[in-house]
Amino acid sequence: MNAAGSPGDRELLRLVGELQADAAGSHPPPETLVAYHGRHLAGAAADALQEHLAGCPSCTAVLLDLAAFDDAAGDEEAAATDEEPSAAADFAAAAEWRALRGRLPAEAAAGTAAERPVRVSHRPAAWVPWAAAAALALVAFGLGFQVLRLDRRADSLQARLDTPQADVPIVYLDAVTRDEEQAGDAEPLPPDGGVLLVVVTPEEPEAYAAYTLAVEDATGARHTVAGLHPSPRYGTLRAALPRDALSAGRLAVTLFGIDDDGERHEVARYSFQLAER
Amino acid sequence: MQETVSTSGAGDEPLLLAAVERFQRGADREEAFRVLFDRFRRPVERFFARRGVPAEDCRDLTQETFLGIYKGLESWRPEARLSTWVFKIATTTWLKRRRAAAAAKRDAPEVPAEELGDVAALGTGGGQLRRVLDDERRRALRAAMTELPDQMRRCLTLRVDQDLKYREIATVMQLSIETVKAHLFQARKRLGEKLADLAVEEES
């Protein structure tokens with residue numbers, strides 16, 4: 001992404017213009033911003049643009065984008081200086097790549113044509129296709145029913161989580177040994193329809209790609225929140241617990257790491273107290 | 001399955017073009033695409049973060065962008081730089097999301113004013129006095145900032161108002177990080193002295 005004059009500039013200017021038009025307020029022409037990025041602007045013009053940038057987050061964002069897309073070295077430096085630590089960054093990148101890979105068209109996931117195994121043709125008996133079709137229909141029906149059920153449950157939980165709540169109570173937990181209990185005052189139960197946000201920080205957040213948090217109350221009732229991913233920046237895990245999954249009294253929390261084979265491993269235990277409001 | 005591919009370093013355009021060429025030939029497409037992913041993941045994710053998108057949505061939009069790149073890479077021709085093309089797809093993804101969000105907002109039911117009573121009530125009570133004091137302090141700070149040298153004031157404004165990091169301020173102001181640090185150190189020192197003087201004047 002060079003300054004005005006090189007091939008592809010018209011496209012770049014159009015993009016910068018679109019981003020500026022998307023933001024409120026008046027902005028310098030895209031040519032000025034791109035020229036400044038290419039260090040082709042000096043003196044009073046550069047001074048005026050810097051003054052505008054100091055008060056204009058959207059033009060500043062565009063300028064930082066130009067630098068980030070253009071400069072791999074600068075980008076790496078950014079990663080090393082003020083983004084997540086490199087191990088956590090690699091971990092986050094690998095997790096995002098896995099997620100993206102799963103969404104790529106099938107040919108990518110299957111590899112190139114040369115790598116695909118040669119298909120050997122075996123003529124099946126006449127009844128095999130009918131039996132296979134019947135079995136598939138049964139499995140599809142069962143799966144469909146299950147998906148519908150899970151979907152409804154997710155919708156209802158999401159609706160609860162989306163319910164406006166003036167102040168979401170947050171509990172930050174420290175790991176405890178099996179025999180000790182966390183000190184501190186009891187947290188009030190959230191109001192009906194509300195949630196309680198539990199924040200934990202495993203010692204080595206990057207040890208697992210995903211985590212599950214299990215909360216058990218004094219009566220033995222258990223609520224599990226699965227599919228938690230550590231924050232790349234802080235290594236924290238945040239689980240929103242719906243009010244109707246909680247009861248007053250002491251709650252025991254167990255954090256499990258989920259390995260690549262889907263196996264659960266206990267990572268830490270926590271404990272806290274909830275009181276009626 | 002290999003998990004990491006090293007792609008960093010200045011002037012990586014030839015490496016990227018080689019990956020595109022491998023992709024278009026159909027040779028080891030996934031690995032070739034991974035090279036582009038590793039190079040542009042961060043800029044794309046930050047592109048959305050800078051526009052106030054929450055982290056979780058940033059990851060979604062980044063994935064949308066890379067799916068767009070994957071679909072278009074087959075027919076991409078090096079008429080512009082690859083980075084410009086990736087920037088274009090990120091921009092398109094962002095503008096599409098913005099339009100969808102705006103349409104959803106238009107379609108949302110209106111909330112009667114009386115239901116906003118609780119929100120209005122937040123502005124009253126014990127917090128009021130603190131807010132007035134904060135406003136006064138902020139005004140005094142703004143007034144003191146106008147007296148700083150231009151470059152120093154701009155660095156401080158970018159830090160305070162836009163919450164930029166030293167490196168980002170250096171990029172925006174086209175200065176070295178050391179100069180930015182020195183400007184901010186001096187600015188804090190001068191403002192500290194200035195505001196301390198104001199406090200003494202108020203007391204007397």
# chains A, B, ... in the order shown; residues from 1 in each chain; ligands from 1
$ closest_atom_pairs --of "chain B" --to "chain A" --cutoff "8 Å" --atoms "only C-alpha atoms" --output "tab-separated table"
residue	atom	partner	partner_atom	distance
B:Glu3	CA	A:Ala94	CA	6.2
B:Thr4	CA	A:Ala94	CA	7.2
B:Ser8	CA	A:Ala72	CA	6.0
B:Gly9	CA	A:Ala73	CA	5.0
B:Ala10	CA	A:Ala73	CA	4.8
B:Gly11	CA	A:Ala72	CA	7.4
B:Asp12	CA	A:Ala72	CA	7.0
B:Gly26	CA	A:Thr112	CA	6.8
B:Ala27	CA	A:Thr112	CA	6.6
B:Asp28	CA	A:Thr112	CA	6.0
B:Arg29	CA	A:Ala108	CA	6.3
B:Glu30	CA	A:Ala108	CA	5.5
B:Arg34	CA	A:Trp97	CA	7.9
B:Phe37	CA	A:Trp97	CA	7.8
B:Asp38	CA	A:Ala93	CA	7.6
B:Arg39	CA	A:Ala72	CA	7.1
B:Phe40	CA	A:Phe69	CA	7.0
B:Arg41	CA	A:Ala93	CA	7.9
B:Arg42	CA	A:Asp75	CA	7.6
B:Pro43	CA	A:Ala68	CA	5.4
B:Val44	CA	A:Phe69	CA	7.9
B:Arg46	CA	A:Asp65	CA	8.0
B:Phe47	CA	A:Asp65	CA	6.1
B:Arg50	CA	A:Ala61	CA	6.1
B:Arg51	CA	A:Ala61	CA	7.6
B:Arg59	CA	A:Glu96	CA	7.7
B:Gln63	CA	A:Leu100	CA	6.1
B:Phe66	CA	A:Leu100	CA	7.9
B:Leu67	CA	A:Leu104	CA	6.8
B:Tyr70	CA	A:Leu104	CA	7.8
B:Glu79	CA	A:Gly8	CA	6.4
B:Ala80	CA	A:Gly8	CA	4.1
B:Arg81	CA	A:Met1	CA	6.4
B:Ser83	CA	A:Phe69	CA	5.6
B:Thr84	CA	A:Met1	CA	5.9
B:Phe87	CA	A:Phe69	CA	6.9
B:Lys88	CA	A:Leu15	CA	6.5
B:Thr91	CA	A:Leu15	CA	7.1
B:Leu95	CA	A:Asp22	CA	7.9
B:Arg154	CA	A:Ala54	CA	5.3
B:Cys155	CA	A:Ala54	CA	7.5
B:Thr157	CA	A:Ala54	CA	6.0
B:Leu158	CA	A:Ala54	CA	5.5
B:Gln162	CA	A:Pro57	CA	6.3
B:Lys165	CA	A:Asp82	CA	7.6
B:Arg167	CA	A:Ala78	CA	7.3
B:Glu168	CA	A:Leu64	CA	7.1
B:Thr171	CA	A:Leu64	CA	7.1
B:Val172	CA	A:Thr60	CA	6.8
B:Met173	CA	A:Gln50	CA	6.5
$ atom_distance --atom1 "atom CA of Ala245 of chain A" --atom2 "atom CA of Gly220 of chain A"
11.8 Å
$ residues_around --residues "Pro230 of chain A" --least-positions-apart "4" --cutoff "12 Å" --atoms "only C-alpha atoms" --output "ChimeraX atom specification"
/A:84,88-89,91-92,95,199-212,234-239,257 /B:55-56
$ select_by_dssp --residues "segment 66-99 of chain B" --states "helix (DSSP H, G or I)" --output "list in words"
Phe66, Leu67, Gly68, Ile69, Tyr70, Lys71, Gly72, Leu73, Leu82, Ser83, Thr84, Trp85, Val86, Phe87, Lys88, Ile89, Ala90, Thr91, Thr92, Thr93, Trp94, Leu95, Lys96, Arg97, Arg98 and Arg99 of chain B
$ write_last_selection --atoms "C-alpha atoms" --output "CSV table (one decimal), in the first residue's frame"
chain,number,residue,atom,x,y,z
B,66,PHE,CA,-10.6,-14.9,5.5
B,67,LEU,CA,-13.5,-16.9,4.0
B,68,GLY,CA,-13.8,-14.0,1.5
B,69,ILE,CA,-10.1,-14.1,0.8
B,70,TYR,CA,-10.3,-17.9,0.3
B,71,LYS,CA,-13.1,-17.5,-2.2
B,72,GLY,CA,-11.5,-14.7,-4.2
B,73,LEU,CA,-7.9,-15.9,-4.1
B,82,LEU,CA,-2.0,-8.2,-1.9
B,83,SER,CA,-2.3,-6.2,1.3
B,84,THR,CA,-4.6,-3.7,-0.4
B,85,TRP,CA,-6.8,-6.5,-1.6
B,86,VAL,CA,-7.0,-8.0,1.9
B,87,PHE,CA,-7.7,-4.5,3.3
B,88,LYS,CA,-10.5,-4.2,0.7
B,89,ILE,CA,-12.1,-7.5,1.9
B,90,ALA,CA,-11.9,-6.4,5.5
B,91,THR,CA,-13.5,-3.1,4.6
B,92,THR,CA,-16.2,-4.7,2.7
B,93,THR,CA,-16.9,-7.2,5.5
B,94,TRP,CA,-17.0,-4.3,8.0
B,95,LEU,CA,-19.3,-2.1,5.9
B,96,LYS,CA,-21.7,-5.1,5.2
B,97,ARG,CA,-21.9,-5.7,9.0
B,98,ARG,CA,-22.5,-2.0,9.7
B,99,ARG,CA,-25.3,-1.9,7.1
